[in-house]
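Here is the structure we will look at.
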Protein chains: 4
Amino acid sequence: MMLSWNRYGKSRIRLVKVRRRAERHDVIDLTLDVQLEGAFDAVYLEGDNATCLPTDTMKNTVYALARQDDLVHVEAFAARLAAHFAAKPGVSVARISAVEHRWDRLSQQEGRHPHAFVQPGGEHWTTIVTLDAAGLRTVSGLANLVLLKTSESAFAGYPRDQFTTLAETNDRVLATSVSASWIYRTGMKDFSVREQIRQALVETFAGHDSRSVQHTLYAMAEAALAACPDIIEVTMTLPNRHHVLVDLTPFGLDNPNDVFVATDQPYGVIEATVRR
Amino acid sequence: MMLSWNRYGKSRIRLVKVRRRAERHDVIDLTLDVQLEGAFDAVYLEGDNATCLPTDTMKNTVYALARQDDLVHVEAFAARLAAHFAAKPGVSVARISAVEHRWDRLSQQEGRHPHAFVQPGGEHWTTIVTLDAAGLRTVSGLANLVLLKTSESAFAGYPRDQFTTLAETNDRVLATSVSASWIYRTGMKDFSVREQIRQALVETFAGHDSRSVQHTLYAMAEAALAACPDIIEVTMTLPNRHHVLVDLTPFGLDNPNDVFVATDQPYGVIEATVRR
Amino acid sequence: MMLSWNRYGKSRIRLVKVRRRAERHDVIDLTLDVQLEGAFDAVYLEGDNATCLPTDTMKNTVYALARQDDLVHVEAFAARLAAHFAAKPGVSVARISAVEHRWDRLSQQEGRHPHAFVQPGGEHWTTIVTLDAAGLRTVSGLANLVLLKTSESAFAGYPRDQFTTLAETNDRVLATSVSASWIYRTGMKDFSVREQIRQALVETFAGHDSRSVQHTLYAMAEAALAACPDIIEVTMTLPNRHHVLVDLTPFGLDNPNDVFVATDQPYGVIEATVRR
Amino acid sequence: MMLSWNRYGKSRIRLVKVRRRAERHDVIDLTLDVQLEGAFDAVYLEGDNATCLPTDTMKNTVYALARQDDLVHVEAFAARLAAHFAAKPGVSVARISAVEHRWDRLSQQEGRHPHAFVQPGGEHWTTIVTLDAAGLRTVSGLANLVLLKTSESAFAGYPRDQFTTLAETNDRVLATSVSASWIYRTGMKDFSVREQIRQALVETFAGHDSRSVQHTLYAMAEAALAACPDIIEVTMTLPNRHHVLVDLTPFGLDNPNDVFVATDQPYGVIEATVRR
């Protein structure tokens, strides 16, 4: 028997940094995972920990380096961490994953409450930075962006078999929780483009004349690639949060796309990667 | 042995209604619970279901009445449901609870995407309407409003005993997830005041010079009562989402209120009711 | 405006104690909440913390007293904590809630793995101990005991109205997640009776010829009271985890109580208190 | 731009089947996902649904085939589903994932309550069956098997750097939630071996003299491979559910491995694949 693959690290390191400037504060709120792969066979087979950097040390390192970093772009901080851990004996791959939780300033007029924030909840930014012999790879994205539209969504013309009961529709409610991630070209530095990519995704969802979730997914991915020349490909996952029209005929009532049950399960899932 | 109290009903009825107007759509997204109390002893003791309105019928009723209601104020719809169920044989108390999930229009310029929405997640409105012999009682509120401030929060001057290790602080991060509920005076009709109450809570949190969570809770409740003469009392629950300053001295680093661990548990909880 | 009620404390204090004996170890795994009520108006109104025992101190106290307690019965440990906190200035009510997570020994033959455990998950024991001017009150229970039976469950004979669509059944799947809590008589010491109460609940669920969830709930509560003379009343909450028979007729198939959809929501909830 | 990868299907199809025999009933409780890959470019690029089998039909198919299957081994049922979907136009890969939720008979004496069950919660069986041009691949496993040992666990001899603060220990509490999955050799039919593999994992965890989580993971995987010649490789994920010894010295108390805080985050994660 042999160890054919291994990885270890620390998960869910919760880091909040406050950048204090005279006129206002900024809050950066991250949940980080550190993962290392490498030549750690002696740890597994012989119980020899000589090369096994404790995951507790990984955690300490994240906090210490966060003190020394301005954390303007989480991608750059993750790259710094990856470089630190990749230099340790035995490590062949260092992988840093980060979820960035949003905090919005309470007031549009920034001068008013420059130290107070509200968390919109749900939606967050994601980053995975991987450093190995092939170099640095940066994949960023967003998750749990929940969108809904009440028009311009159809699903018809699909194949029928002995198990088909679904009715065709040309006007349904379309709701989804968008996860998207994109690979940046090597050397990319200005990670603030993520806002433009998000905007392209949202605008396309809203404006697209949808014949299926797949159809809208592709349009959204295409728009993201068009919005940012620095990304090579986009992968998207769109669960279909079904809104089922309630049958009110037993009660002598019609239901012209008015009252729906929002269902949690089962749900459709559509995933695809679009690249240049 | 005797049945000294009983209640039954249907929980988590998911209802989405789309109000379609020429220029734009509105989405109302509710999760409702129906609960009835009454003289149902024969159901429990004898297995006689003659008075036991099925919870499945409760669910159907919610959808049918939703078709016939414009659902402008969830409080009014809940009162309508309560009246329907309170009229059933044996029922002494009808209680309708509703959680209203927010959907924000995608664009500030409403003309642009009048049928597309984003869900901010987390925060939601709540309502509990109770109808019994004493009349109708309406309690509304909000939950999971997550706020944070990076200045003007202290905690000092507390008693010390043999188990005290906490250090006093005059500058800490204060974060909480606000739950608040308020009782409306009888006869109240314009439930849109909830936006003003929310605004009072948020503004007070941001602007208050806090000596403790309790101190800020009271100020917030007072501001809510001042903002709306139609509410009699406010109950608030403020969990203290502790942000612990990381000790970086083992690494030769200072940490002047810069790097924090956000902890999930244990957490403080402060609750109180303030009334006129 | 006035403070009409207040309570504060520390929640989700995670405590694991290992009782080490020569022949075997025991694991006690608790999540505790401490809650105090009292004359704390100055804390809220004036920001004066002189009587505000920090929740951090509460947490420390739990760990320190756990070192000095054998923790054979969580009820006794909770009473000890309640007495400690009730003696603090200003406190009128001290309330300790505990959830006890089960760990089963890995092997039936105890001699074999006397230090290894598996966690069955889900089900747990609960205790709430309250100490105030009226004395000590101990309420214990269990939660998340998930039971299912595939026979001897009916639901028929219920009233019908214009919103009824449910079909009567004399043979359905009945599934629920039992929560039960019972009040012990004053002076009770042997809290190991909870195992007998659990056994009575489970046996009655299994053997009862059920005409409704209500009917079975009452029989279970009655059995619990019969099993333990030291309890005064039992409160039970039984959500109805609906198993809906799938309609296979569109596919030319029958479905004689064979294939079901287990649904999460909406669900019925039945609650009642039975006392001597 | 081009579609470089795509997959779609239905997730969280909840299926419960009751096998009714004269002397007793069996309950099979599954949550299934169906996922298809293939030549579906026209669906994405042109909104042409001619090859897009609705996910609603997938769900119907699962229930209809469940009626016709005895469901003795979930692996065989998943293979049957995979064969059905792989035969549809355009499909190149059909993947069925199943989670099997456990229901234990209430009584050891089967004759007593042959129709009543308790759900132990947490732990479940998993299966992923994939059918493509390369043939059928069956990967089974278990997840959320929560284990703890109070002796024979050490962690020492690890490298130290400027960020190390962890103390070496030769006697710690070791707790984890085991996820394991294994690949069966082609042609395997008797999937009841999973019980033996589970037994090997559990016994090895309990009896191993652990120098690290890695060390124990490897021993467990080795034991699984030894227990079942029909599996080719095992992949395991062991989160380290840290139990931190509480520092009671500020209160003048010692703590000889007696009182611990069970922490949720951050946590170590150890993953590896072991093969013959």
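Naming works like this for the structure tokens: A, B, ... for the chains as they're shown, residue 1 at the start of each chain, ligands 1 onward in shown order.
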
Which of region 92-132 of chain B fall in strand (DSSP E), as number ranges by chain: B: 92-101, 104-105, 116-119, 124-132

Resulting file, chosen residues, N, CA and C atoms, as a PDB file, in the first residue's frame:
```pdb
ATOM      1  N   SER B  92     -59.713  29.013  20.090  1.00  0.00           N
ATOM      2  CA  SER B  92     -59.761  30.151  21.007  1.00  0.00           C
ATOM      3  C   SER B  92     -58.675  31.187  20.701  1.00  0.00           C
ATOM      4  N   VAL B  93     -57.560  30.738  20.118  1.00  0.00           N
ATOM      5  CA  VAL B  93     -56.487  31.657  19.730  1.00  0.00           C
ATOM      6  C   VAL B  93     -56.002  31.290  18.329  1.00  0.00           C
ATOM      7  N   ALA B  94     -55.936  32.285  17.454  1.00  0.00           N
ATOM      8  CA  ALA B  94     -55.314  32.083  16.138  1.00  0.00           C
ATOM      9  C   ALA B  94     -54.099  32.995  16.067  1.00  0.00           C
ATOM     10  N   ARG B  95     -52.978  32.390  15.694  1.00  0.00           N
ATOM     11  CA  ARG B  95     -51.732  33.140  15.707  1.00  0.00           C
ATOM     12  C   ARG B  95     -51.045  32.926  14.350  1.00  0.00           C
ATOM     13  N   ILE B  96     -50.735  34.028  13.695  1.00  0.00           N
ATOM     14  CA  ILE B  96     -50.061  33.964  12.390  1.00  0.00           C
ATOM     15  C   ILE B  96     -48.696  34.630  12.540  1.00  0.00           C
ATOM     16  N   SER B  97     -47.644  33.893  12.231  1.00  0.00           N
ATOM     17  CA  SER B  97     -46.296  34.465  12.235  1.00  0.00           C
ATOM     18  C   SER B  97     -45.801  34.543  10.805  1.00  0.00           C
ATOM     19  N   ALA B  98     -45.167  35.642  10.478  1.00  0.00           N
ATOM     20  CA  ALA B  98     -44.646  35.772   9.117  1.00  0.00           C
ATOM     21  C   ALA B  98     -43.238  36.337   9.148  1.00  0.00           C
ATOM     22  N   VAL B  99     -42.384  35.761   8.325  1.00  0.00           N
ATOM     23  CA  VAL B  99     -41.067  36.331   8.058  1.00  0.00           C
ATOM     24  C   VAL B  99     -41.119  36.856   6.633  1.00  0.00           C
ATOM     25  N   GLU B 100     -40.733  38.107   6.445  1.00  0.00           N
ATOM     26  CA  GLU B 100     -40.739  38.674   5.101  1.00  0.00           C
ATOM     27  C   GLU B 100     -39.305  38.840   4.613  1.00  0.00           C
ATOM     28  N   HIS B 101     -39.004  38.149   3.534  1.00  0.00           N
ATOM     29  CA  HIS B 101     -37.653  38.178   2.964  1.00  0.00           C
ATOM     30  C   HIS B 101     -37.563  39.351   1.992  1.00  0.00           C
ATOM     31  N   ASP B 104     -34.537  43.525  -3.206  1.00  0.00           N
ATOM     32  CA  ASP B 104     -34.299  44.904  -3.632  1.00  0.00           C
ATOM     33  C   ASP B 104     -34.312  44.956  -5.160  1.00  0.00           C
ATOM     34  N   ARG B 105     -34.852  46.024  -5.691  1.00  0.00           N
ATOM     35  CA  ARG B 105     -34.841  46.194  -7.141  1.00  0.00           C
ATOM     36  C   ARG B 105     -33.390  46.330  -7.603  1.00  0.00           C
ATOM     37  N   ALA B 116     -36.534  42.851 -12.207  1.00  0.00           N
ATOM     38  CA  ALA B 116     -35.381  42.079 -11.741  1.00  0.00           C
ATOM     39  C   ALA B 116     -34.984  42.538 -10.342  1.00  0.00           C
ATOM     40  N   PHE B 117     -34.579  41.577  -9.510  1.00  0.00           N
ATOM     41  CA  PHE B 117     -34.384  41.825  -8.087  1.00  0.00           C
ATOM     42  C   PHE B 117     -33.144  41.105  -7.577  1.00  0.00           C
ATOM     43  N   VAL B 118     -32.562  41.663  -6.506  1.00  0.00           N
ATOM     44  CA  VAL B 118     -31.468  40.986  -5.812  1.00  0.00           C
ATOM     45  C   VAL B 118     -31.880  40.862  -4.348  1.00  0.00           C
ATOM     46  N   GLN B 119     -31.506  39.737  -3.750  1.00  0.00           N
ATOM     47  CA  GLN B 119     -31.884  39.516  -2.352  1.00  0.00           C
ATOM     48  C   GLN B 119     -30.690  39.842  -1.468  1.00  0.00           C
ATOM     49  N   HIS B 124     -34.331  40.280   7.779  1.00  0.00           N
ATOM     50  CA  HIS B 124     -35.716  40.143   7.325  1.00  0.00           C
ATOM     51  C   HIS B 124     -36.670  40.812   8.319  1.00  0.00           C
ATOM     52  N   TRP B 125     -37.863  41.092   7.828  1.00  0.00           N
ATOM     53  CA  TRP B 125     -38.930  41.637   8.656  1.00  0.00           C
ATOM     54  C   TRP B 125     -39.698  40.493   9.298  1.00  0.00           C
ATOM     55  N   THR B 126     -40.276  40.755  10.469  1.00  0.00           N
ATOM     56  CA  THR B 126     -41.085  39.735  11.145  1.00  0.00           C
ATOM     57  C   THR B 126     -42.410  40.325  11.604  1.00  0.00           C
ATOM     58  N   THR B 127     -43.423  39.480  11.680  1.00  0.00           N
ATOM     59  CA  THR B 127     -44.733  39.900  12.203  1.00  0.00           C
ATOM     60  C   THR B 127     -45.392  38.731  12.911  1.00  0.00           C
ATOM     61  N   ILE B 128     -45.964  38.992  14.059  1.00  0.00           N
ATOM     62  CA  ILE B 128     -46.799  37.996  14.729  1.00  0.00           C
ATOM     63  C   ILE B 128     -48.134  38.662  15.049  1.00  0.00           C
ATOM     64  N   VAL B 129     -49.205  38.103  14.485  1.00  0.00           N
ATOM     65  CA  VAL B 129     -50.549  38.623  14.731  1.00  0.00           C
ATOM     66  C   VAL B 129     -51.320  37.572  15.511  1.00  0.00           C
ATOM     67  N   THR B 130     -51.896  37.985  16.641  1.00  0.00           N
ATOM     68  CA  THR B 130     -52.633  37.065  17.496  1.00  0.00           C
ATOM     69  C   THR B 130     -54.058  37.556  17.658  1.00  0.00           C
ATOM     70  N   LEU B 131     -55.010  36.656  17.448  1.00  0.00           N
ATOM     71  CA  LEU B 131     -56.417  37.022  17.625  1.00  0.00           C
ATOM     72  C   LEU B 131     -57.059  36.068  18.620  1.00  0.00           C
ATOM     73  N   ASP B 132     -57.583  36.643  19.709  1.00  0.00           N
ATOM     74  CA  ASP B 132     -58.274  35.824  20.713  1.00  0.00           C
ATOM     75  C   ASP B 132     -59.392  36.665  21.325  1.00  0.00           C
TER      76      ASP B 132
END
```

Listing only residues of chain A within 9 Å of chain C, what is the closest atom pair and its distance in Å (to one decimal) for each, using only C-alpha atoms, sorted by chain and residue number ascending, as a Markdown table?
```
| residue | atom | partner | partner_atom | distance |
| --- | --- | --- | --- | --- |
| A:Gln162 | CA | C:Phe251 | CA | 6.5 |
| A:Phe163 | CA | C:Phe251 | CA | 6.1 |
| A:Thr164 | CA | C:Pro250 | CA | 8.6 |
| A:Thr165 | CA | C:Pro250 | CA | 7.6 |
| A:Pro250 | CA | C:Thr165 | CA | 7.6 |
| A:Phe251 | CA | C:Phe163 | CA | 6.1 |
| A:Thr263 | CA | C:Gln265 | CA | 8.4 |
| A:Asp264 | CA | C:Gln265 | CA | 8.4 |
| A:Gln265 | CA | C:Thr263 | CA | 8.4 |
```

For Ile231 (chain B): contacts at 8 Å, only C-alpha atoms, fewer than 2 positions along chain excluded, given as a list in words: Trp182, Ile183, Tyr184, Arg185, Leu225, Cys228, Pro229, Glu233 and Val234 of chain B

Separation of CA of Gly90 (chain D) from CA of Ala39 (chain D), in Å and rounded to one decimal: 5.0 Å

All alpha helix (DSSP H) residues (DSSP, backbone) inside region 69-256 of chain A, as a PyMOL selection string: chain A and resi 74-86+194-207+213-227

Selection file, N, CA and C atoms, as a compact mmCIF listing (two decimals), in the first residue's frame:
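Once written, result.txt looks like this:
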```txt
# COMPACT_ATOMS: atom_id res chain seq x y z
N VAL A 74 -7.40 41.18 -1.43
CA VAL A 74 -7.23 39.89 -0.77
C VAL A 74 -6.38 38.96 -1.62
N GLU A 75 -6.41 39.12 -2.94
CA GLU A 75 -5.61 38.26 -3.82
C GLU A 75 -4.11 38.45 -3.54
N ALA A 76 -3.70 39.68 -3.31
CA ALA A 76 -2.29 39.94 -3.04
C ALA A 76 -1.86 39.39 -1.68
N PHE A 77 -2.73 39.52 -0.71
CA PHE A 77 -2.43 38.97 0.62
C PHE A 77 -2.35 37.44 0.55
N ALA A 78 -3.26 36.82 -0.18
CA ALA A 78 -3.23 35.36 -0.33
C ALA A 78 -1.94 34.92 -1.04
N ALA A 79 -1.50 35.70 -2.01
CA ALA A 79 -0.25 35.36 -2.73
C ALA A 79 0.94 35.44 -1.78
N ARG A 80 0.93 36.44 -0.91
CA ARG A 80 2.00 36.60 0.08
C ARG A 80 2.03 35.40 1.03
N LEU A 81 0.87 34.97 1.49
CA LEU A 81 0.79 33.79 2.35
C LEU A 81 1.28 32.54 1.61
N ALA A 82 0.84 32.41 0.37
CA ALA A 82 1.23 31.23 -0.42
C ALA A 82 2.76 31.17 -0.57
N ALA A 83 3.36 32.31 -0.82
CA ALA A 83 4.82 32.35 -0.98
C ALA A 83 5.51 31.96 0.33
N HIS A 84 4.98 32.43 1.45
CA HIS A 84 5.55 32.08 2.75
C HIS A 84 5.54 30.57 2.97
N PHE A 85 4.38 29.94 2.72
CA PHE A 85 4.26 28.51 3.03
C PHE A 85 4.94 27.64 1.98
N ALA A 86 4.98 28.10 0.72
CA ALA A 86 5.61 27.31 -0.34
C ALA A 86 7.12 27.16 -0.09
N ARG A 194 -13.12 43.10 -10.13
CA ARG A 194 -14.20 42.19 -9.77
C ARG A 194 -15.55 42.89 -9.71
N GLU A 195 -15.56 44.15 -9.34
CA GLU A 195 -16.82 44.90 -9.28
C GLU A 195 -17.45 45.01 -10.67
N GLN A 196 -16.60 45.21 -11.70
CA GLN A 196 -17.14 45.31 -13.06
C GLN A 196 -17.68 43.96 -13.54
N ILE A 197 -17.00 42.89 -13.13
CA ILE A 197 -17.48 41.56 -13.52
C ILE A 197 -18.83 41.29 -12.87
N ARG A 198 -18.95 41.61 -11.60
CA ARG A 198 -20.23 41.44 -10.92
C ARG A 198 -21.33 42.23 -11.62
N GLN A 199 -20.99 43.45 -11.98
CA GLN A 199 -21.98 44.30 -12.64
C GLN A 199 -22.43 43.69 -13.97
N ALA A 200 -21.49 43.13 -14.71
CA ALA A 200 -21.82 42.50 -15.99
C ALA A 200 -22.74 41.29 -15.78
N LEU A 201 -22.47 40.51 -14.75
CA LEU A 201 -23.30 39.33 -14.45
C LEU A 201 -24.72 39.75 -14.12
N VAL A 202 -24.83 40.74 -13.25
CA VAL A 202 -26.14 41.16 -12.76
C VAL A 202 -26.96 41.79 -13.89
N GLU A 203 -26.33 42.67 -14.65
CA GLU A 203 -27.03 43.35 -15.74
C GLU A 203 -27.52 42.36 -16.80
N THR A 204 -26.71 41.37 -17.07
CA THR A 204 -27.08 40.40 -18.11
C THR A 204 -28.22 39.52 -17.63
N PHE A 205 -28.15 39.10 -16.37
CA PHE A 205 -29.27 38.34 -15.82
C PHE A 205 -30.58 39.13 -15.97
N ALA A 206 -30.52 40.40 -15.62
CA ALA A 206 -31.73 41.22 -15.62
C ALA A 206 -32.26 41.44 -17.03
N GLY A 207 -31.37 41.67 -17.99
CA GLY A 207 -31.80 42.09 -19.31
C GLY A 207 -31.99 40.96 -20.33
N VAL A 213 -32.14 28.25 -18.12
CA VAL A 213 -31.06 28.69 -17.23
C VAL A 213 -29.72 28.60 -17.97
N GLN A 214 -29.55 27.55 -18.76
CA GLN A 214 -28.32 27.39 -19.53
C GLN A 214 -28.08 28.60 -20.43
N HIS A 215 -29.13 29.00 -21.11
CA HIS A 215 -29.07 30.10 -22.06
C HIS A 215 -28.63 31.40 -21.37
N THR A 216 -29.18 31.64 -20.20
CA THR A 216 -28.82 32.85 -19.44
C THR A 216 -27.42 32.74 -18.84
N LEU A 217 -27.08 31.54 -18.37
CA LEU A 217 -25.74 31.33 -17.84
C LEU A 217 -24.69 31.71 -18.88
N TYR A 218 -24.88 31.22 -20.10
CA TYR A 218 -23.89 31.50 -21.14
C TYR A 218 -23.79 32.99 -21.43
N ALA A 219 -24.92 33.64 -21.48
CA ALA A 219 -24.92 35.09 -21.74
C ALA A 219 -24.22 35.85 -20.62
N MET A 220 -24.43 35.41 -19.39
CA MET A 220 -23.78 36.06 -18.25
C MET A 220 -22.26 35.87 -18.31
N ALA A 221 -21.84 34.64 -18.60
CA ALA A 221 -20.40 34.35 -18.66
C ALA A 221 -19.74 35.14 -19.78
N GLU A 222 -20.42 35.22 -20.92
CA GLU A 222 -19.91 35.97 -22.05
C GLU A 222 -19.74 37.45 -21.68
N ALA A 223 -20.72 37.98 -20.98
CA ALA A 223 -20.66 39.39 -20.56
C ALA A 223 -19.50 39.62 -19.59
N ALA A 224 -19.25 38.64 -18.72
CA ALA A 224 -18.14 38.78 -17.77
C ALA A 224 -16.81 38.82 -18.51
N LEU A 225 -16.67 37.94 -19.49
CA LEU A 225 -15.42 37.91 -20.27
C LEU A 225 -15.27 39.20 -21.06
N ALA A 226 -16.37 39.73 -21.56
CA ALA A 226 -16.32 40.98 -22.32
C ALA A 226 -15.97 42.17 -21.41
N ALA A 227 -16.40 42.07 -20.16
CA ALA A 227 -16.21 43.21 -19.24
C ALA A 227 -14.78 43.31 -18.74
```

Given only C-alpha atoms as the counted atoms, nearest of C:Met1, C:Ala133, C:Ala156, C:Ala22 to His115 (chain C): C:Ala22

Excluding Tyr267 (chain A) and its own-chain neighbours fewer than 4 positions away, which residues fall within 7 Å of it when counting only C-alpha atoms? Please give them as a short mmCIF file (atom, residue, chain, number, x, y, z; two decimals) with N, CA and C atoms, in the first residue's frame.
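As a result, part_8.cif now contains:
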```cif
data_model
loop_
_atom_site.label_atom_id
_atom_site.label_comp_id
_atom_site.auth_asym_id
_atom_site.auth_seq_id
_atom_site.Cartn_x
_atom_site.Cartn_y
_atom_site.Cartn_z
N PRO A 239 -27.93 27.26 -9.46
CA PRO A 239 -29.05 26.43 -9.02
C PRO A 239 -30.35 27.11 -9.45
N ASN A 240 -31.33 26.31 -9.79
CA ASN A 240 -32.63 26.84 -10.19
C ASN A 240 -33.55 26.79 -8.98
N ARG A 241 -33.76 27.95 -8.38
CA ARG A 241 -34.65 28.00 -7.20
C ARG A 241 -36.09 28.05 -7.68
N HIS A 242 -36.66 26.87 -7.86
CA HIS A 242 -37.97 26.76 -8.49
C HIS A 242 -39.06 27.51 -7.73
N LYS D 10 -30.50 17.43 -11.60
CA LYS D 10 -31.40 17.70 -10.48
C LYS D 10 -30.70 17.30 -9.18
N SER D 11 -30.79 18.15 -8.21
CA SER D 11 -30.14 17.88 -6.92
C SER D 11 -31.16 17.72 -5.80
N ARG D 12 -30.77 16.96 -4.81
CA ARG D 12 -31.57 16.77 -3.59
C ARG D 12 -32.97 16.20 -3.88
#
```

Minimum-distance residue to Lys17 (chain A), chosen among A:Asp48, A:Asp41, A:Glu271, A:Asp69 (using only C-alpha atoms):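 Checking each of A:Asp48, A:Asp41, A:Glu271, A:Asp69 against Lys17 (chain A), counting only C-alpha atoms, the winner is A:Asp69.
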
Between CA of His113 (chain D) and CA of Glu152 (chain C), distance in Å (one decimal):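 Between CA of His113 (chain D) and CA of Glu152 (chain C) the gap is 11.2 Å.
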
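CA of Ala154 (chain D) is positioned 6.0 Å from CA of Arg172 (chain D).
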